[in-house]
>>> print(open('target_17.txt').read())   # compact mmCIF, C-alpha atoms
# COMPACT_ATOMS: atom_id res chain seq x y z
CA MET V 700 0.00 0.00 0.00
CA ASP V 701 2.36 2.64 -1.20
CA TYR V 702 0.90 6.11 -1.03
CA LYS V 703 3.53 7.78 -3.21
CA LYS V 704 1.31 10.15 -5.19
CA LEU V 705 -1.35 11.96 -3.19
CA LEU V 706 -4.10 14.05 -4.74
CA VAL V 707 -5.72 16.69 -2.52
CA VAL V 708 -9.13 18.03 -3.54
CA VAL V 709 -8.99 21.68 -2.53
CA ASP V 710 -12.04 23.36 -0.98
CA PRO V 711 -12.48 26.68 -2.84
CA THR V 712 -14.60 28.13 -0.01
CA SER V 713 -12.02 27.96 2.77
CA ASP V 714 -8.55 29.19 3.67
CA VAL V 715 -8.23 26.26 6.07
CA GLN V 716 -7.52 22.99 4.26
CA PRO V 717 -7.42 20.00 6.65
CA ALA V 718 -7.04 17.64 3.67
CA LEU V 719 -3.88 19.40 2.53
CA ALA V 720 -2.42 19.30 6.05
CA ARG V 721 -3.24 15.57 6.36
CA ALA V 722 -1.78 14.76 2.94
CA ALA V 723 1.40 16.76 3.66
CA GLU V 724 1.85 14.88 6.94
CA LEU V 725 1.37 11.55 5.18
CA ALA V 726 3.72 12.59 2.38
CA SER V 727 6.48 13.66 4.76
CA ARG V 728 6.37 10.25 6.48
CA ASN V 729 6.15 8.29 3.21
CA ASN V 730 8.52 10.35 1.09
CA ALA V 731 5.60 11.02 -1.24
CA SER V 732 4.48 13.88 -3.48
CA VAL V 733 1.27 15.90 -3.14
CA THR V 734 -0.75 17.67 -5.83
CA ALA V 735 -3.35 20.19 -4.67
CA PHE V 736 -6.14 20.19 -7.26
CA LEU V 737 -8.85 22.81 -7.58
CA SER V 738 -11.74 22.53 -10.00
CA ILE V 739 -13.70 25.77 -10.37
CA PHE V 740 -16.65 26.96 -12.38
CA ASP V 741 -18.76 30.09 -12.31
CA LEU V 742 -21.95 29.92 -14.31
CA SER V 743 -22.32 33.71 -14.37
CA TYR V 744 -19.28 33.97 -16.69
CA GLU V 745 -20.77 31.43 -19.05
CA MET V 746 -24.24 33.00 -19.10
CA THR V 747 -23.27 36.57 -19.90
CA SER V 748 -24.32 37.01 -23.49
CA ILE V 749 -22.89 40.56 -23.59
CA LEU V 750 -19.36 39.15 -23.51
CA SER V 751 -17.62 37.87 -26.59
CA ASN V 752 -15.95 34.46 -26.50
CA GLN V 753 -12.58 36.17 -26.17
CA GLU V 754 -13.74 38.27 -23.23
CA ARG V 755 -15.21 35.22 -21.55
CA GLU V 756 -11.96 33.35 -22.06
CA ALA V 757 -10.02 36.30 -20.60
CA MET V 758 -12.28 36.39 -17.51
CA ARG V 759 -11.88 32.63 -17.01
CA THR V 760 -8.12 32.94 -17.30
CA GLY V 761 -8.18 35.82 -14.79
CA VAL V 762 -10.12 33.75 -12.25
CA ILE V 763 -7.83 30.74 -12.76
CA ASN V 764 -4.72 32.88 -12.29
CA GLN V 765 -6.13 34.41 -9.09
CA ARG V 766 -6.82 30.92 -7.75
CA LYS V 767 -3.35 29.73 -8.75
CA ALA V 768 -1.79 32.59 -6.78
CA TRP V 769 -4.03 31.72 -3.79
CA LEU V 770 -3.00 28.05 -3.97
CA ALA V 771 0.69 28.89 -4.40
CA ASP V 772 0.54 30.85 -1.12
CA MET V 773 -1.29 28.02 0.59
CA ILE V 774 1.22 25.32 -0.31
CA LYS V 775 4.31 27.46 0.34
CA PRO V 776 4.66 26.55 4.07
CA TYR V 777 4.63 22.84 3.18
CA GLN V 778 7.20 23.35 0.44
CA GLU V 779 9.40 25.25 2.89
CA GLN V 780 9.21 22.22 5.21
CA GLY V 781 10.60 20.11 2.38
CA THR V 782 7.37 18.44 1.17
CA ASP V 783 7.02 17.97 -2.58
CA VAL V 784 3.76 19.88 -3.28
CA ALA V 785 2.49 20.96 -6.70
CA TYR V 786 -0.87 22.46 -7.68
CA GLU V 787 -3.30 22.53 -10.57
CA VAL V 788 -6.40 24.66 -11.25
CA VAL V 789 -8.96 23.78 -13.93
CA TRP V 790 -12.25 25.26 -15.11
CA HIS V 791 -14.91 22.56 -15.33
CA ASN V 792 -18.68 22.58 -14.91
CA ARG V 793 -18.72 19.16 -13.14
CA PRO V 794 -15.97 19.24 -10.53
CA PHE V 795 -16.14 15.54 -9.63
CA GLU V 796 -15.53 14.56 -13.27
CA SER V 797 -12.45 16.73 -13.60
CA ILE V 798 -11.11 15.46 -10.24
CA ILE V 799 -11.56 11.77 -11.12
CA LYS V 800 -10.17 12.19 -14.64
CA PHE V 801 -7.13 14.01 -13.24
CA ALA V 802 -6.65 11.24 -10.65
CA ILE V 803 -6.85 8.51 -13.30
CA ASP V 804 -4.58 10.30 -15.80
CA GLY V 805 -2.02 11.10 -13.10
CA LYS V 806 -2.08 7.54 -11.67
CA PHE V 807 -2.53 8.82 -8.11
CA ASP V 808 -2.50 6.35 -5.20
CA LEU V 809 -4.83 8.20 -2.81
CA MET V 810 -7.39 11.00 -2.99
CA VAL V 811 -7.75 13.22 0.09
CA LYS V 812 -10.68 15.58 0.65
CA SER V 813 -11.99 17.60 3.61
CA THR V 814 -15.57 17.32 4.79
CA HIS V 815 -17.66 20.20 6.10
CA GLU V 816 -19.09 20.34 9.59
CA HIS V 817 -22.41 22.10 9.83
CA ASP V 818 -22.19 24.48 12.81
CA LYS V 819 -25.80 24.20 13.95
CA LEU V 820 -26.14 20.45 13.57
CA LYS V 821 -22.55 19.52 14.46
CA ALA V 822 -23.05 16.90 11.79
CA VAL V 823 -20.91 16.46 8.76
CA ILE V 824 -22.44 17.69 5.54
CA PHE V 825 -21.59 15.62 2.50
CA THR V 826 -21.77 17.48 -0.76
CA PRO V 827 -22.83 15.89 -4.04
CA THR V 828 -19.16 16.01 -5.05
CA ASP V 829 -18.22 13.89 -2.00
CA TRP V 830 -20.74 11.24 -3.00
CA HIS V 831 -19.64 11.21 -6.63
CA LEU V 832 -16.00 10.79 -5.58
CA LEU V 833 -16.84 7.94 -3.22
CA ARG V 834 -18.93 6.16 -5.82
CA LYS V 835 -16.88 6.74 -8.94
CA ALA V 836 -13.21 7.31 -8.06
CA PRO V 837 -11.25 4.10 -8.70
CA LEU V 838 -8.62 4.94 -6.07
CA PRO V 839 -8.96 4.99 -2.26
CA VAL V 840 -10.68 8.16 -1.00
CA LEU V 841 -9.74 9.61 2.39
CA LEU V 842 -12.36 11.98 3.83
CA VAL V 843 -10.78 14.19 6.46
CA LYS V 844 -12.34 15.95 9.43
CA GLU V 845 -10.57 18.62 11.42
CA ASN V 846 -9.19 16.17 14.00
CA ALA V 847 -5.50 15.44 14.40
CA TRP V 848 -4.11 11.95 13.85
CA PRO V 849 -2.08 11.51 17.00
CA GLN V 850 0.68 8.97 17.26
CA ASP V 851 -0.49 5.70 18.82
CA GLY V 852 -4.08 6.26 17.63
CA LYS V 853 -6.58 3.57 16.67
CA ILE V 854 -7.66 2.57 13.17
CA LEU V 855 -10.94 0.66 12.89
CA CYS V 856 -11.53 -1.68 9.93
CA ALA V 857 -15.13 -2.53 9.09
CA VAL V 858 -15.07 -6.09 7.72
CA ASN V 859 -17.82 -8.22 6.22
CA VAL V 860 -17.53 -11.91 7.17
CA ALA V 861 -21.12 -12.91 6.36
CA SER V 862 -20.12 -14.10 2.91
CA ASP V 863 -17.51 -16.50 1.53
CA ASP V 864 -17.80 -14.66 -1.77
CA GLU V 865 -14.30 -14.19 -3.22
CA ASP V 866 -14.82 -10.47 -3.82
CA HIS V 867 -15.78 -9.88 -0.18
CA VAL V 868 -12.87 -11.94 1.13
CA ALA V 869 -10.43 -10.04 -1.11
CA LEU V 870 -11.94 -6.69 -0.08
CA ASN V 871 -11.57 -7.54 3.65
CA GLY V 872 -7.89 -8.27 3.01
CA LYS V 873 -7.43 -5.03 1.10
CA ILE V 874 -9.10 -2.98 3.87
CA ILE V 875 -6.81 -4.51 6.51
CA GLN V 876 -3.68 -4.06 4.37
CA HIS V 877 -4.44 -0.34 3.90
CA ALA V 878 -5.06 0.02 7.65
CA LYS V 879 -1.84 -1.79 8.53
CA ALA V 880 0.21 0.38 6.15
CA LEU V 881 -1.18 3.55 7.79
CA ALA V 882 -0.77 2.03 11.26
CA ALA V 883 2.91 1.42 10.55
CA THR V 884 3.32 5.01 9.34
CA PHE V 885 1.63 6.54 12.40
CA ASN V 886 2.46 3.86 14.98
CA ALA V 887 -1.25 3.19 15.34
CA GLU V 888 -3.21 0.10 16.38
CA VAL V 889 -5.53 -1.80 14.03
CA HIS V 890 -8.96 -2.95 15.27
CA LEU V 891 -11.67 -4.95 13.45
CA VAL V 892 -15.43 -4.51 13.71
CA ASN V 893 -18.29 -6.61 12.36
CA GLY V 894 -22.04 -6.25 12.75
CA TYR V 895 -24.20 -9.36 12.39
CA PRO V 896 -27.97 -9.65 11.87
CA GLY V 897 -30.29 -10.59 14.72
CA THR V 898 -33.01 -13.25 14.53
CA PRO V 899 -35.48 -12.66 11.71
CA VAL V 900 -38.77 -11.88 13.48
CA ASN V 901 -40.92 -13.80 10.98
CA LEU V 902 -38.93 -16.99 11.65
CA ALA V 903 -39.67 -16.81 15.36
CA ILE V 904 -43.38 -16.22 14.68
CA GLU V 905 -43.83 -18.89 11.99
CA LEU V 906 -41.92 -21.63 13.78
CA PRO V 907 -43.23 -22.13 17.33
CA ASP V 908 -40.34 -24.49 18.22
CA PHE V 909 -37.75 -22.05 16.92
CA ASP V 910 -35.16 -21.26 19.61
CA ALA V 911 -34.18 -17.66 18.94
CA HIS V 912 -31.51 -17.59 21.64
CA THR V 913 -29.64 -20.63 20.31
CA TYR V 914 -29.94 -19.32 16.75
CA ASN V 915 -28.50 -15.95 17.82
CA GLU V 916 -25.65 -17.56 19.73
CA THR V 917 -24.77 -19.72 16.72
CA ILE V 918 -24.71 -16.71 14.39
CA ARG V 919 -22.63 -14.71 16.90
CA MET V 920 -20.10 -17.50 17.35
CA GLN V 921 -19.81 -18.01 13.61
CA HIS V 922 -19.09 -14.31 13.09
CA GLU V 923 -16.64 -14.20 16.01
CA GLN V 924 -14.75 -17.22 14.65
CA ARG V 925 -14.50 -15.67 11.20
CA VAL V 926 -13.36 -12.28 12.51
CA ASN V 927 -10.77 -13.94 14.78
CA TYR V 928 -9.55 -16.06 11.87
CA LEU V 929 -9.16 -12.88 9.80
CA ALA V 930 -7.35 -11.15 12.67
CA ASN V 931 -4.93 -14.09 13.08
CA ASN V 932 -4.18 -14.08 9.36
CA TYR V 933 -3.08 -10.47 9.55
CA GLY V 934 -1.35 -10.53 12.92
CA ILE V 935 -4.03 -8.52 14.75
CA ASP V 936 -4.71 -9.24 18.43
CA CYS V 937 -8.14 -10.83 18.96
CA LYS V 938 -8.78 -8.44 21.87
CA ASN V 939 -8.94 -5.72 19.17
CA CYS V 940 -11.90 -7.45 17.48
CA TYR V 941 -15.52 -6.39 18.02
CA VAL V 942 -18.48 -8.48 16.92
CA LYS V 943 -21.88 -7.07 17.77
CA GLU V 944 -25.47 -7.76 16.83
CA GLY V 945 -26.93 -5.02 14.72
CA LEU V 946 -26.77 -3.30 11.36
CA PRO V 947 -23.23 -2.37 10.29
CA GLU V 948 -24.28 1.29 9.96
CA ASP V 949 -25.19 1.27 13.69
CA VAL V 950 -22.41 -0.98 14.99
CA ILE V 951 -19.47 0.68 13.19
CA PRO V 952 -20.05 4.25 14.51
CA GLU V 953 -20.79 2.89 18.00
CA ILE V 954 -17.49 0.96 18.21
CA ALA V 955 -15.57 3.82 16.54
CA GLU V 956 -16.77 6.14 19.32
CA GLN V 957 -16.23 3.53 22.05
CA ILE V 958 -12.54 3.04 21.16
CA ASN V 959 -12.04 6.65 20.01
CA ALA V 960 -10.90 5.57 16.54
CA LYS V 961 -9.13 8.29 14.56
CA LEU V 962 -9.76 6.57 11.25
CA VAL V 963 -12.39 4.13 9.99
CA VAL V 964 -11.53 2.05 6.92
CA LEU V 965 -14.31 0.40 4.98
CA GLY V 966 -14.97 -1.07 1.57
CA THR V 967 -17.38 0.28 -0.96
CA VAL V 968 -19.25 -2.37 -2.86
CA GLY V 969 -18.33 -2.27 -6.51
CA ARG V 970 -19.29 -5.08 -8.82
CA THR V 971 -20.71 -7.54 -6.34
CA GLY V 972 -24.41 -7.57 -7.07
CA PHE V 973 -24.53 -3.80 -7.49
CA SER V 974 -24.02 -1.42 -10.34
CA ALA V 975 -20.38 -0.30 -10.38
CA ALA V 976 -21.55 3.29 -9.89
CA LEU V 977 -23.17 2.54 -6.53
CA ILE V 978 -21.48 2.59 -3.18
CA GLY V 979 -22.65 0.07 -0.60
CA ASN V 980 -25.44 1.39 1.64
CA THR V 981 -23.36 0.69 4.73
CA ALA V 982 -20.69 3.17 3.70
CA GLU V 983 -23.23 5.90 2.99
CA HIS V 984 -24.92 5.50 6.37
CA VAL V 985 -21.68 5.17 8.32
CA ILE V 986 -20.12 8.27 6.82
CA ASP V 987 -22.93 10.45 8.12
CA SER V 988 -22.55 9.27 11.69
CA ILE V 989 -18.84 8.90 12.49
CA ASN V 990 -16.69 11.62 13.90
CA SER V 991 -13.37 10.32 12.62
CA ASP V 992 -11.66 10.35 9.24
CA LEU V 993 -12.89 7.77 6.80
CA LEU V 994 -10.95 5.81 4.18
CA ALA V 995 -13.11 4.19 1.51
CA ILE V 996 -11.54 1.33 -0.46
CA LYS V 997 -12.78 -0.04 -3.80
CA PRO V 998 -12.72 -3.76 -4.57
CA ASP V 999 -10.03 -5.06 -6.95
CA GLY V 1000 -11.19 -4.88 -10.54
CA TYR V 1001 -13.45 -1.87 -9.89
CA LYS V 1002 -13.65 0.27 -13.02
CA SER V 1003 -14.84 3.86 -12.76
CA PRO V 1004 -17.67 4.84 -15.11
CA LEU V 1005 -15.41 7.77 -16.09
CA GLU V 1006 -12.57 5.56 -17.29
CA ASP V 1007 -12.25 5.29 -21.05
>>> encode(input="target_17.txt", output="structure tokens")
Amino acid sequence: MDYKKLLVVVDPTSDVQPALARAAELASRNNASVTAFLSIFDLSYEMTSILSNQEREAMRTGVINQRKAWLADMIKPYQEQGTDVAYEVVWHNRPFESIIKFAIDGKFDLMVKSTHEHDKLKAVIFTPTDWHLLRKAPLPVLLVKENAWPQDGKILCAVNVASDDEDHVALNGKIIQHAKALAATFNAEVHLVNGYPGTPVNLAIELPDFDAHTYNETIRMQHEQRVNYLANNYGIDCKNCYVKEGLPEDVIPEIAEQINAKLVVLGTVGRTGFSAALIGNTAEHVIDSINSDLLAIKPDGYKSPLED
């Protein structure tokens, strides 16, 4: 899991860029390069019929140059610290498309983007661009909140052991490998979490002799065995494994808060039974309710709808 080329999606509305700070920190520890990428578009320049094409082009160029100067100032402190940081500004009416195309063409290893916290709600607001990037970017996407990643922190991997399906097994492995690479970089500890379904209510009603408790225990033990087996395979201590009854979107945030995880790593479902453009429901629900950074990993063989 070599993060050698990092792409930072710059937030045009803020002078504070947590994603850039996180990427620079990661780059300095991994001897990697960072590119700060800004995609801008202003409809008002395109709609003004009074302007000639040349004038419109001149205004666009003016805005781009202003933004380039702004970005150059922003990355200067990191460059002065010795981090390899470049920048790029493009004019595009669908930011997510230009970001993903740039990531694919530049063969980047990781995309890093900040998320917004809504002051009143204290909840994280995910923009349409965030969702598009999570669904359609073929590379891992790291969504950053304004928390620090302290040394000796905890990284929580959400694994799915309900299926023997090859794609799921491979994705579990990939999630853990990414977590372990980051754990080594930041001297962090890797934990595993798995939510398992409770007894189907209709079963208990339709079958009078059905023993819900035994059924539940069997399911729990099966999930625990599989998670422990996974942990052993990757050299993770079984005391760092959490198996809990409930929907993954409830269990993952609960355990993340309980252990004060600084990063949650999960897989987004690509080809397995879903359209490649869809992210698994679990990821969408979890993202809204965790207070840590989130790293979303695509399955092997995932192809972005924006790839040629």
>>> closest_residue(input="target_17.txt", among="V:Ala726, V:Leu965, V:Ile774, V:Val950", to="Glu787 in chain V", atoms="only C-alpha atoms")
V:Ile774
>>> residues_near_point(input="target_17.txt", point="(-6.0, 3.3, 22.3)", cutoff="8 Å", atoms="all atoms listed in the file", output="compact mmCIF listing (two decimals) with C-alpha atoms, in the frame of the given file")
# COMPACT_ATOMS: atom_id res chain seq x y z
CA ASP V 851 -0.49 5.70 18.82
CA GLY V 852 -4.08 6.26 17.63
CA LYS V 853 -6.58 3.57 16.67
CA GLU V 888 -3.21 0.10 16.38
CA ILE V 958 -12.54 3.04 21.16
CA ASN V 959 -12.04 6.65 20.01
CA ALA V 960 -10.90 5.57 16.54
>>> residues_around(input="target_17.txt", residues="Leu962 in chain V", least_positions_apart="4", cutoff="8 Å", atoms="all atoms listed in the file", output="PyMOL selection string")
chain V and resi 853-855+991-994
>>> write_last_selection(input="target_17.txt", atoms="C-alpha atoms", output="PDB file, in the coordinates of the input")
ATOM      1  CA  LYS V 853      -6.580   3.570  16.670  1.00  0.00           C
ATOM      2  CA  ILE V 854      -7.660   2.570  13.170  1.00  0.00           C
ATOM      3  CA  LEU V 855     -10.940   0.660  12.890  1.00  0.00           C
ATOM      4  CA  SER V 991     -13.370  10.320  12.620  1.00  0.00           C
ATOM      5  CA  ASP V 992     -11.660  10.350   9.240  1.00  0.00           C
ATOM      6  CA  LEU V 993     -12.890   7.770   6.800  1.00  0.00           C
ATOM      7  CA  LEU V 994     -10.950   5.810   4.180  1.00  0.00           C
TER       8      LEU V 994
END
>>> residues_around(input="target_17.txt", residues="Gly894 in chain V", least_positions_apart="2", cutoff="6 Å", atoms="all atoms listed in the file", output="list in words")
Val942, Lys943, Glu944, Gly945, Leu946, Pro947 and Val950 of chain V
>>> residues_around(input="target_17.txt", residues="Ile763 in chain V", least_positions_apart="6", cutoff="10 Å", atoms="only C-alpha atoms", output="NGL selection string")
:V and (737-740 or 757 or 769 or 787-790)
>>> residues_around(input="target_17.txt", residues="Ala882 in chain V", least_positions_apart="2", cutoff="12 Å", atoms="all atoms listed in the file", output="PyMOL selection string")
chain V and resi 700+725+728+848-856+875-880+884-890+935+960-964
>>> atom_distance(input="target_17.txt", atom1="CA of Lys800 in chain V", atom2="CA of Leu1005 in chain V")
7.0 Å
>>> closest_residue(input="target_17.txt", among="V:Leu929, V:Ile803, V:Ala768, V:Met920", to="Ala869 in chain V", atoms="all atoms listed in the file")
V:Leu929
>>> atom_distance(input="target_17.txt", atom1="CA of Tyr928 in chain V", atom2="CA of Tyr702 in chain V")
27.7 Å
>>> residues_around(input="target_17.txt", residues="Ser862 in chain V", least_positions_apart="2", cutoff="12 Å", atoms="all atoms listed in the file", output="PyMOL selection string")
chain V and resi 858-860+864-871+895+921-922+925-926+971
>>> closest_residue(input="target_17.txt", among="V:Asp829, V:Asp936, V:Glu956, V:Asp949", to="Leu891 in chain V", atoms="only C-alpha atoms")
V:Asp936
>>> atom_distance(input="target_17.txt", atom1="CA of Ala718 in chain V", atom2="CA of Arg766 in chain V")
17.5 Å
>>> closest_residue(input="target_17.txt", among="V:Val811, V:Glu1006, V:Ala771, V:Ala955", to="Val985 in chain V", atoms="all atoms listed in the file")
V:Ala955
>>> closest_residue(input="target_17.txt", among="V:Ile749, V:Ile918, V:Ala883, V:Leu719", to="Thr898 in chain V", atoms="all atoms listed in the file")
V:Ile918
>>> closest_residue(input="target_17.txt", among="V:Ala785, V:Lys938, V:Asp908, V:Ile798", to="Leu833 in chain V", atoms="all atoms listed in the file")
V:Ile798
>>> residues_near_point(input="target_17.txt", point="(-12.9, 14.8, 11.8)", cutoff="7 Å", atoms="all atoms listed in the file", output="VMD selection string")
chain V and resid 843 to 846 990 to 992
>>> axis_aligned_box(input="target_17.txt", around="range 948-953 of chain V", padding_each_side="8 Å", output="JSON")
{"center_x": -22.3, "center_y": 1.6, "center_z": 14.0, "size_x": 21.7, "size_y": 21.2, "size_z": 24.0}
